[in-house]
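entry_4.tsv, holding TSV, C-alpha atoms:
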chain	number	residue	atom	x	y	z
A	101	ASP	CA	97.14	120.06	-57.13
A	102	ILE	CA	95.20	123.30	-56.64
A	103	ARG	CA	91.78	122.64	-55.18
A	104	MET	CA	88.87	124.74	-56.47
A	105	THR	CA	85.94	125.02	-54.07
A	106	GLN	CA	82.83	126.27	-55.80
A	107	SER	CA	79.62	127.46	-54.15
A	108	PRO	CA	76.74	127.07	-54.04
A	109	ALA	CA	76.30	123.59	-55.48
A	110	SER	CA	72.85	124.55	-56.72
A	111	LEU	CA	70.94	127.77	-57.09
A	112	SER	CA	67.36	128.66	-57.89
A	113	ALA	CA	66.53	132.20	-58.97
A	114	SER	CA	63.77	134.12	-60.72
A	115	LEU	CA	63.90	135.55	-64.21
A	116	GLY	CA	65.47	139.00	-64.18
A	117	GLU	CA	67.33	138.40	-60.93
A	118	THR	CA	71.07	138.75	-60.39
A	119	VAL	CA	73.00	135.68	-59.26
A	120	ASN	CA	76.54	135.19	-58.00
A	121	ILE	CA	78.64	132.04	-58.04
A	122	GLU	CA	81.84	131.83	-56.03
A	123	CYS	CA	85.07	129.94	-56.52
A	124	LEU	CA	87.81	129.67	-53.90
A	125	ALA	CA	91.27	128.42	-54.87
A	126	SER	CA	93.48	126.60	-52.36
A	127	GLU	CA	96.32	128.97	-53.26
A	128	ASP	CA	96.88	132.18	-55.18
A	129	ILE	CA	96.14	131.63	-58.89
A	130	TYR	CA	96.93	135.18	-60.03
A	131	SER	CA	93.67	135.62	-61.96
A	132	ASP	CA	94.35	132.56	-64.13
A	133	LEU	CA	90.72	131.59	-63.91
A	134	ALA	CA	88.01	130.76	-66.42
A	135	TRP	CA	84.26	130.24	-66.12
A	136	TYR	CA	82.27	127.84	-68.30
A	137	GLN	CA	78.59	127.18	-68.91
A	138	GLN	CA	77.47	123.63	-69.64
A	139	LYS	CA	73.94	122.78	-70.75
A	140	PRO	CA	72.67	119.18	-70.43
A	141	GLY	CA	74.16	116.87	-73.03
A	142	LYS	CA	76.40	119.62	-74.41
A	143	SER	CA	80.04	120.51	-74.13
A	144	PRO	CA	81.11	123.41	-71.88
A	145	GLN	CA	81.23	126.91	-73.35
A	146	LEU	CA	83.84	129.46	-72.28
A	147	LEU	CA	82.27	132.57	-70.72
A	148	ILE	CA	85.11	134.37	-68.94
A	149	TYR	CA	88.91	134.04	-68.98
A	150	ASN	CA	91.66	135.77	-67.02
A	151	ALA	CA	89.08	136.16	-64.25
A	152	ASN	CA	87.27	139.11	-65.84
A	153	SER	CA	87.64	139.03	-69.66
A	154	LEU	CA	84.43	138.31	-71.52
A	155	GLN	CA	84.80	135.76	-74.31
A	156	ASN	CA	83.67	136.95	-77.75
A	157	GLY	CA	79.97	136.41	-78.33
A	158	VAL	CA	79.06	135.98	-74.65
A	159	PRO	CA	76.25	138.31	-73.48
A	160	SER	CA	77.40	141.26	-71.38
A	161	ARG	CA	75.09	140.22	-68.51
A	162	PHE	CA	77.87	137.77	-67.60
A	163	SER	CA	80.83	139.20	-65.70
A	164	GLY	CA	83.73	137.90	-63.66
A	165	SER	CA	85.74	139.38	-60.84
A	166	GLY	CA	88.22	138.48	-58.16
A	167	SER	CA	91.90	138.07	-57.44
A	168	GLY	CA	94.25	135.97	-55.37
A	169	THR	CA	92.23	132.99	-54.19
A	170	GLN	CA	88.66	134.34	-54.44
A	171	TYR	CA	86.68	134.70	-57.65
A	172	SER	CA	83.08	135.15	-58.66
A	173	LEU	CA	80.81	134.95	-61.66
A	174	LYS	CA	77.86	137.35	-61.80
A	175	ILE	CA	74.86	136.93	-64.05
A	176	ASN	CA	72.63	139.99	-64.34
A	177	SER	CA	69.01	139.91	-65.51
A	178	LEU	CA	68.72	136.12	-65.46
A	179	GLN	CA	67.24	134.66	-68.65
A	180	SER	CA	65.64	131.25	-69.21
A	181	GLU	CA	68.52	130.26	-71.50
A	182	ASP	CA	70.94	130.66	-68.57
A	183	VAL	CA	69.70	127.40	-67.04
A	184	ALA	CA	72.88	125.32	-66.97
A	185	THR	CA	75.73	124.12	-64.79
A	186	TYR	CA	78.60	126.56	-64.32
A	187	PHE	CA	82.21	125.55	-63.65
A	188	CYS	CA	85.31	127.49	-62.71
A	189	GLN	CA	88.77	126.34	-63.84
A	190	GLN	CA	92.25	127.42	-62.79
A	191	TYR	CA	95.13	127.36	-65.25
A	192	ASN	CA	97.87	128.90	-63.12
A	193	ASN	CA	99.42	125.52	-62.32
A	194	TYR	CA	99.39	122.10	-63.90
A	195	PRO	CA	97.27	120.07	-63.67
A	196	PHE	CA	94.42	122.39	-64.59
A	197	THR	CA	91.62	121.85	-62.09
A	198	PHE	CA	87.91	122.59	-62.05
A	199	GLY	CA	85.34	123.46	-59.44
A	200	SER	CA	82.60	120.93	-58.80
A	201	GLY	CA	79.96	123.00	-60.57
A	202	THR	CA	76.90	125.09	-59.72
A	203	LYS	CA	73.58	123.97	-61.13
A	204	LEU	CA	71.41	127.01	-61.90
A	205	GLU	CA	67.65	126.65	-62.20
A	206	ILE	CA	64.80	129.08	-62.69
A	207	LYS	CA	62.41	129.46	-59.74
B	192	GLU	CA	84.82	128.92	-88.15
B	193	VAL	CA	86.75	126.89	-85.60
B	194	GLN	CA	85.44	123.34	-85.31
B	195	LEU	CA	86.54	120.31	-83.29
B	196	GLN	CA	84.87	117.11	-84.48
B	197	GLN	CA	85.28	114.07	-82.26
B	198	SER	CA	84.89	110.43	-83.23
B	199	GLY	CA	81.80	108.42	-82.31
B	200	ALA	CA	80.77	106.61	-79.16
B	201	GLU	CA	82.78	103.55	-78.14
B	202	LEU	CA	81.77	100.36	-76.37
B	203	VAL	CA	84.88	98.49	-75.29
B	204	LYS	CA	85.66	95.48	-73.13
B	205	PRO	CA	87.55	95.69	-69.85
B	206	GLY	CA	91.29	95.47	-70.41
B	207	ALA	CA	91.08	96.74	-73.97
B	208	SER	CA	92.35	100.02	-75.42
B	209	VAL	CA	90.59	102.69	-77.45
B	210	LYS	CA	91.83	105.56	-79.62
B	211	LEU	CA	89.76	108.73	-79.75
B	212	SER	CA	90.18	111.38	-82.41
B	213	CYS	CA	89.55	115.12	-82.58
B	214	LYS	CA	89.65	116.54	-86.10
B	215	THR	CA	90.01	120.30	-86.26
B	216	SER	CA	89.35	122.96	-88.85
B	217	GLY	CA	89.12	126.73	-89.10
B	218	TYR	CA	92.42	127.62	-87.41
B	219	THR	CA	96.16	126.94	-87.60
B	220	PHE	CA	96.45	123.63	-85.75
B	221	SER	CA	100.19	123.91	-85.12
B	222	ASN	CA	99.83	127.19	-83.20
B	223	TYR	CA	97.74	125.88	-80.32
B	224	TYR	CA	97.72	123.34	-77.53
B	225	MET	CA	94.89	120.84	-77.38
B	226	SER	CA	93.62	119.59	-74.04
B	227	TRP	CA	91.73	116.39	-73.31
B	228	LEU	CA	89.24	116.17	-70.47
B	229	LYS	CA	87.12	113.53	-68.75
B	230	GLN	CA	83.63	113.95	-67.33
B	231	MET	CA	81.86	111.10	-65.62
B	232	PRO	CA	78.04	111.29	-65.57
B	233	GLY	CA	76.86	114.11	-63.33
B	234	GLN	CA	80.35	114.77	-62.10
B	235	ASN	CA	83.24	117.16	-62.18
B	236	ILE	CA	85.50	117.76	-65.15
B	237	GLU	CA	89.05	116.38	-64.96
B	238	TRP	CA	91.92	117.60	-67.11
B	239	ILE	CA	93.86	114.68	-68.57
B	240	GLY	CA	96.65	116.53	-70.35
B	241	ASN	CA	97.52	118.64	-73.34
B	242	ILE	CA	99.59	118.47	-76.49
B	243	TYR	CA	101.11	121.16	-78.66
B	244	GLY	CA	100.01	120.97	-82.29
B	245	GLY	CA	103.35	122.31	-83.50
B	246	ASN	CA	105.75	119.70	-82.15
B	247	GLY	CA	103.64	117.16	-80.26
B	248	GLY	CA	105.04	118.19	-76.89
B	249	THR	CA	102.84	116.88	-74.09
B	250	GLY	CA	101.93	117.52	-70.48
B	251	TYR	CA	99.91	115.08	-68.40
B	252	ASN	CA	97.94	115.09	-65.21
B	253	GLN	CA	99.86	112.63	-63.00
B	254	LYS	CA	96.57	110.82	-62.38
B	255	PHE	CA	96.34	109.85	-66.06
B	256	LYS	CA	99.97	108.97	-66.76
B	257	GLY	CA	100.06	105.42	-68.05
B	258	LYS	CA	96.35	105.58	-68.84
B	259	ALA	CA	96.27	108.22	-71.60
B	260	THR	CA	98.67	108.89	-74.47
B	261	LEU	CA	98.25	112.02	-76.56
B	262	THR	CA	99.44	112.36	-80.15
B	263	VAL	CA	98.82	114.63	-83.13
B	264	ASP	CA	98.85	114.34	-86.90
B	265	LYS	CA	99.69	117.78	-88.24
B	266	SER	CA	98.99	116.76	-91.81
B	267	SER	CA	95.31	116.22	-90.99
B	268	SER	CA	95.06	118.72	-88.09
B	269	THR	CA	93.87	115.91	-85.85
B	270	ALA	CA	94.60	115.17	-82.22
B	271	TYR	CA	94.35	111.68	-80.75
B	272	MET	CA	94.07	110.15	-77.30
B	273	ASP	CA	94.80	106.50	-76.59
B	274	LEU	CA	93.27	105.07	-73.44
B	275	SER	CA	94.70	101.76	-72.29
B	276	SER	CA	93.82	98.93	-69.87
B	277	LEU	CA	90.27	100.17	-69.63
B	278	THR	CA	88.12	99.55	-66.55
B	279	SER	CA	84.65	100.64	-65.53
B	280	GLU	CA	86.24	103.73	-63.96
B	281	ASP	CA	87.17	104.88	-67.48
B	282	SER	CA	83.51	104.96	-68.60
B	283	ALA	CA	82.91	108.65	-69.16
B	284	VAL	CA	82.50	111.39	-71.73
B	285	TYR	CA	85.80	112.60	-73.12
B	286	PHE	CA	86.26	116.04	-74.63
B	287	CYS	CA	89.00	117.67	-76.64
B	288	ALA	CA	89.30	121.44	-76.23
B	289	ARG	CA	91.58	124.08	-77.72
B	290	ASN	CA	93.75	126.00	-75.28
B	291	TYR	CA	93.48	129.79	-75.50
B	292	TYR	CA	95.77	131.43	-72.94
B	293	SER	CA	95.20	128.08	-71.17
B	294	ALA	CA	91.47	128.69	-70.94
B	295	LEU	CA	89.58	126.33	-73.24
B	296	ASP	CA	87.81	128.32	-75.91
B	297	TYR	CA	86.54	125.68	-78.33
B	298	TRP	CA	85.38	122.20	-77.36
B	299	GLY	CA	84.55	119.08	-79.28
B	300	GLN	CA	81.09	117.64	-78.89
B	301	GLY	CA	82.36	114.93	-76.58
B	302	VAL	CA	82.51	111.16	-77.00
B	303	MET	CA	80.99	108.61	-74.66
B	304	VAL	CA	83.24	105.68	-73.82
B	305	THR	CA	81.50	102.74	-72.17
B	306	VAL	CA	83.60	99.93	-70.71
B	307	SER	CA	81.56	96.78	-70.36
B	308	SER	CA	81.88	93.08	-71.02
As structure tokens, the full file:
Amino acid sequence: DIRMTQSPASLSASLGETVNIECLASEDIYSDLAWYQQKPGKSPQLLIYNANSLQNGVPSRFSGSGSGTQYSLKINSLQSEDVATYFCQQYNNYPFTFGSGTKLEIK
Amino acid sequence: EVQLQQSGAELVKPGASVKLSCKTSGYTFSNYYMSWLKQMPGQNIEWIGNIYGGNGGTGYNQKFKGKATLTVDKSSSTAYMDLSSLTSEDSAVYFCARNYYSALDYWGQGVMVTVSS
């Protein structure tokens, strides 16, 4: 199985700041990567697919980048509603696998 | 509007089985795969497997083979997951989610399964 190593595990930032979350795959996943946001008690919401494509309805302050084994999610101008846990997911190989999550809080 | 409506919370005894449902609306069910996922409290998300709405073809995570069985009913646009021989390790929230280019674009609300005597 492809292992997805996500960092940091938790992150505290101020409103209006820019934050970056990283995901490292154990092998090349050819940009078959998605990012999700999960708020407490809710189901995950797709933010980014194919490493850098913004899902319909997702604010443009979210962006994804990367290739090969290294990927990142960037959130510009952090808002209070961005408090959540963020997960990466690879879908290049079965079984699909997820990173362990990054819990984002407001400082 | 695409919607995935999952069945309600389950309390089941060890050794028993449970069948979870995911009723869909707002899109052509037979054109998409449906994935099922497991999330234990405060923990990572695990992909259990997926099933094609058109012909019921399935793919499973090896970890869940023998534990989960995925089926569909095209007539009601509903996906099902049977979980068998339940133990405390199966206590978790289970989600269904539609595959979109293998990313998961719409999710059910999740269902809590609690295994306890």
Of the candidates A:Cys123, A:Asp182, A:Pro140, A:Lys203, which one gets nearest to B:Pro232 if we count all atoms listed in the file?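 Between A:Cys123, A:Asp182, A:Pro140, A:Lys203, the residue approaching B:Pro232 most closely is A:Pro140.
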Residues of chain B no more than 9 Å from chain A, counting all atoms listed in the file: send them over as a short mmCIF file (atom, residue, chain, number, x, y, z; two decimals) with C-alpha atoms, in the frame of the given file.
data_model
loop_
_atom_site.label_atom_id
_atom_site.label_comp_id
_atom_site.auth_asym_id
_atom_site.auth_seq_id
_atom_site.Cartn_x
_atom_site.Cartn_y
_atom_site.Cartn_z
CA GLN B 234 80.35 114.77 -62.10
CA ASN B 235 83.24 117.16 -62.18
CA ILE B 236 85.50 117.76 -65.15
CA GLU B 237 89.05 116.38 -64.96
CA TRP B 238 91.92 117.60 -67.11
CA ILE B 239 93.86 114.68 -68.57
CA GLY B 240 96.65 116.53 -70.35
CA GLY B 250 101.93 117.52 -70.48
CA TYR B 251 99.91 115.08 -68.40
CA ASN B 252 97.94 115.09 -65.21
CA GLN B 253 99.86 112.63 -63.00
CA PHE B 286 86.26 116.04 -74.63
CA TYR B 292 95.77 131.43 -72.94
CA SER B 293 95.20 128.08 -71.17
CA ALA B 294 91.47 128.69 -70.94
CA LEU B 295 89.58 126.33 -73.24
CA ASP B 296 87.81 128.32 -75.91
CA TYR B 297 86.54 125.68 -78.33
CA TRP B 298 85.38 122.20 -77.36
CA GLY B 299 84.55 119.08 -79.28
CA GLN B 300 81.09 117.64 -78.89
CA GLY B 301 82.36 114.93 -76.58
#
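The space separating atom CA of A:Gly166 from atom CA of B:Gln230 comes to 26.6 Å.
If you look at atom CA of B:Ser216 and atom CA of B:Leu274, they are 23.9 Å away from each other.
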Exercise: A:Ala113 partners within 7 Å, all atoms listed in the file, chain neighbours under 3 positions left out, as a compact mmCIF listing (two decimals) with C-alpha atoms, in the coordinates of the input:
# COMPACT_ATOMS: atom_id res chain seq x y z
CA GLU A 117 67.33 138.40 -60.93
CA GLU A 205 67.65 126.65 -62.20
CA ILE A 206 64.80 129.08 -62.69
CA LYS A 207 62.41 129.46 -59.74
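Residues with any atom within 12 Å of A:Gly116, counting only C-alpha atoms and excluding same-chain neighbours fewer than 5 positions away, are Arg161, Ile175, Asn176, Ser177, Leu178, Gln179, Ser180, Glu181, Asp182, Ile206 and Lys207 of chain A.
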Interatomic distance, atom CA of B:Gly244 to atom CA of B:Met225 (Å, one decimal): 7.1 Å
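The nearest approach to A:Thr185 among the residues B:Gly233, B:Tyr224, B:Glu192, B:Glu201, with only C-alpha atoms taken into account, belongs to B:Gly233.
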Excluding B:Thr215 and any residue of its chain fewer than 3 positions from it, enumerate the residues within 6 Å of it, using all atoms listed in the file, and give them as an MDAnalysis selection string. chainID B and resid 194:195 268:269
Do you know which residues are at most 8 Å from A:Ser167 counting only C-alpha atoms, after dropping those on the same chain fewer than 6 positions away, and could you put them as a ChimeraX atom specification? /A:129-131,151
Go ahead and find all residues with at least one atom no further than 12 Å from (81.7, 104.2, -64.7) in the file's coordinates, using only C-alpha atoms; report them as a list in words.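 Looking at atoms near the point gives Pro205, Lys229, Gln230, Met231, Pro232, Gly233, Gln234, Leu277, Thr278, Ser279, Glu280, Asp281, Ser282, Ala283, Val284, Met303, Val304, Thr305, Val306 and Ser307 of chain B.
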For A:Ile121, which of A:Ser172, A:Ser153, A:Asn193, A:Gln137 is the closest residue, counting all atoms listed in the file?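 Among A:Ser172, A:Ser153, A:Asn193, A:Gln137, it is A:Ser172 that comes nearest to A:Ile121.
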